[in-house]
Amino acid sequence: MPRQEELRLPKRTLAELRSGLPAVADRTVAAIIEEVPSYSDALSGPMGATIRDAVQLALGGFISLASRSGAQTPTAQAVDGAYQLGRGEARSGRSVEALLSAYRIGARVAWQELSSIVVQQGVGAAQLAQFAELVFAYIDELSAASVAGHTDELATTGRVRQRLLERLAGLLLSGAPAEELDEAAERAGWTPPSTLTAVLVPESQLRAVLSSVSAESLQVTDELEGMVLLLVPDAHGPGRKALLRTLEGRGAVAGPPRPWQQVRTSYERALRVHTLELGTDSEEHLAALVLTADPGALADLRERVLAPLADLRPSSAEKLVETLRSWLLHHGRRDAVAAELFVHPQTVRYRMGQLREVFGDQLEDPARILELTIAVGLDAPPGSDSASG
């Protein structure tokens, strides 16, 4: 508080100020509640009493300050009360702007009430000016203490909640029991959604993605180097389309939406799609995921069913496998196969003749056709080094 000429109020005036404190506190609180929307319901429950007590403590501290010869700063009790008020307001969800508005209105009303008492006691203009300076300097210090309390509370609760959210995400990925997940969500103050979707995002794209997804998304940074895992609430139905639009072109992968306690399966699928570099939407690549679920089995299958091509030159075998794949997927429609392979229909006819020569009746056997379709269904199955297995 800035140094000022010592204020000396008569004892009778100080006594009047003390006796008027309860009424001044009530009018101050009433004005705050009326003029600051965030405080419109503050009288209900224990918070109303807390605010009244804080105002009366502050005003009482001021009267004590005004009665102490040479005193320039609020008492430690008043400053601590203001600090704790700020912490309480942060816990109640009120913003620092609302808190400062309450102080501005409180200062105005308190000054009007207190100055009226002082004037009625015949205090002169010089002393009244000193009194005003003391009032507003005092309230400035208390408001600064409350803002500090508000800031500290937000920082503390923010860190604590972040740790609790990180723990919840870890439990989700570990497949913890439902009861443990419910308890962890409650402790973190996190409302469980209907679904969670696992999204892998490159670190460089994280800020842009976070600006477009739910603020309640859980974040995990240590699962995959260079990538961040987000668990996005309720990104199903129309929400998935919006999510995919956000992720498009960012090198991200979205797993399927799953009931929130089963999001681990969404993460596992997103991770596989990322590893195989298939694309953004995991649900567009289900066939590829099925075919690559057991790379070793797929490689053995290819080696066995494509064994008739093993004696051909690699380049010839590759062309025949390419033709066989297209022929199987287009149900033998020669023109469609030719269009896909950019060759003449006669070339397709020639190559299919070669394949029938090599495979014989196998191309008429439904069971063998199924195996061939699986074996050649991907252009370049992981773990396959050549077209002939």
# chains A, B, ... in the order shown; residues from 1 in each chain; ligands from 1
>>> select_by_dssp(residues="stretch 52-232 of chain A", states="strand (DSSP E)", output="ChimeraX atom specification")
/A:195-202,218-224,227-232
>>> write_last_selection(atoms="C-alpha atoms", output="short mmCIF file (atom, residue, chain, number, x, y, z; two decimals), in the first residue's frame")
data_model
loop_
_atom_site.label_atom_id
_atom_site.label_comp_id
_atom_site.auth_asym_id
_atom_site.auth_seq_id
_atom_site.Cartn_x
_atom_site.Cartn_y
_atom_site.Cartn_z
CA THR A 195 -18.23 -43.83 -26.97
CA LEU A 196 -14.54 -43.10 -27.24
CA THR A 197 -12.54 -43.11 -30.46
CA ALA A 198 -8.78 -43.61 -30.45
CA VAL A 199 -7.00 -41.16 -32.73
CA LEU A 200 -3.27 -41.19 -33.45
CA VAL A 201 -2.03 -37.72 -34.38
CA PRO A 202 1.48 -36.56 -35.34
CA LEU A 218 -8.04 -37.67 -23.09
CA GLN A 219 -4.45 -37.31 -24.22
CA VAL A 220 -1.55 -39.78 -24.04
CA THR A 221 1.88 -38.76 -25.30
CA ASP A 222 4.14 -41.71 -24.55
CA GLU A 223 2.52 -44.59 -26.45
CA LEU A 224 4.19 -44.09 -29.83
CA MET A 227 2.61 -39.49 -32.28
CA VAL A 228 0.06 -38.46 -29.68
CA LEU A 229 -2.93 -40.60 -28.80
CA LEU A 230 -6.24 -38.85 -28.28
CA LEU A 231 -9.32 -40.59 -26.90
CA VAL A 232 -12.13 -38.50 -28.37
#
>>> residues_around(residues="stretch 361-367 of chain A", least_positions_apart="3", cutoff="12 Å", atoms="only C-alpha atoms", output="number ranges by chain")
A: 305-306, 308, 324, 327-328, 331-332, 352-358, 370-374
>>> closest_residue(among="A:Ser194, A:Tyr83, A:Leu100, A:Gly175", to="A:His150", atoms="only C-alpha atoms")
A:Tyr83
>>> closest_residue(among="A:Gln84, A:Thr191, A:Gln121, A:Ser38", to="A:Ala54", atoms="only C-alpha atoms")
A:Gln84
>>> residues_around(residues="A:Glu340", least_positions_apart="5", cutoff="12 Å", atoms="only C-alpha atoms", output="list in words")
Glu322, Thr323, Arg325, Ser326, Trp327, Leu329, His330, Arg333, Arg334, Asp335, Pro345 and Val348 of chain A
>>> write_last_selection(atoms="N, CA and C atoms", output="compact mmCIF listing (two decimals), in the first residue's frame")
# COMPACT_ATOMS: atom_id res chain seq x y z
N GLU A 322 -0.92 -60.58 -60.86
CA GLU A 322 -1.68 -59.34 -61.03
C GLU A 322 -2.96 -59.61 -61.82
N THR A 323 -2.85 -60.40 -62.88
CA THR A 323 -4.01 -60.72 -63.71
C THR A 323 -4.99 -61.59 -62.93
N ARG A 325 -5.44 -61.74 -59.68
CA ARG A 325 -6.10 -60.92 -58.67
C ARG A 325 -7.27 -60.15 -59.30
N SER A 326 -7.00 -59.46 -60.41
CA SER A 326 -8.03 -58.68 -61.06
C SER A 326 -9.17 -59.57 -61.56
N TRP A 327 -8.82 -60.72 -62.11
CA TRP A 327 -9.83 -61.65 -62.64
C TRP A 327 -10.75 -62.15 -61.51
N LEU A 329 -11.33 -60.61 -58.58
CA LEU A 329 -12.11 -59.50 -58.01
C LEU A 329 -13.17 -58.99 -58.96
N HIS A 330 -12.95 -59.14 -60.28
CA HIS A 330 -13.94 -58.71 -61.27
C HIS A 330 -14.80 -59.87 -61.77
N ARG A 333 -14.75 -60.86 -65.55
CA ARG A 333 -15.16 -59.96 -66.63
C ARG A 333 -13.91 -59.43 -67.33
N ARG A 334 -13.66 -59.96 -68.54
CA ARG A 334 -12.40 -59.70 -69.22
C ARG A 334 -12.18 -58.21 -69.51
N ASP A 335 -13.22 -57.51 -69.96
CA ASP A 335 -13.05 -56.09 -70.30
C ASP A 335 -12.71 -55.26 -69.05
N PRO A 345 -7.84 -56.69 -74.09
CA PRO A 345 -8.58 -57.87 -73.64
C PRO A 345 -7.95 -59.17 -74.11
N VAL A 348 -5.40 -60.23 -71.69
CA VAL A 348 -6.03 -60.88 -70.53
C VAL A 348 -6.37 -62.33 -70.87
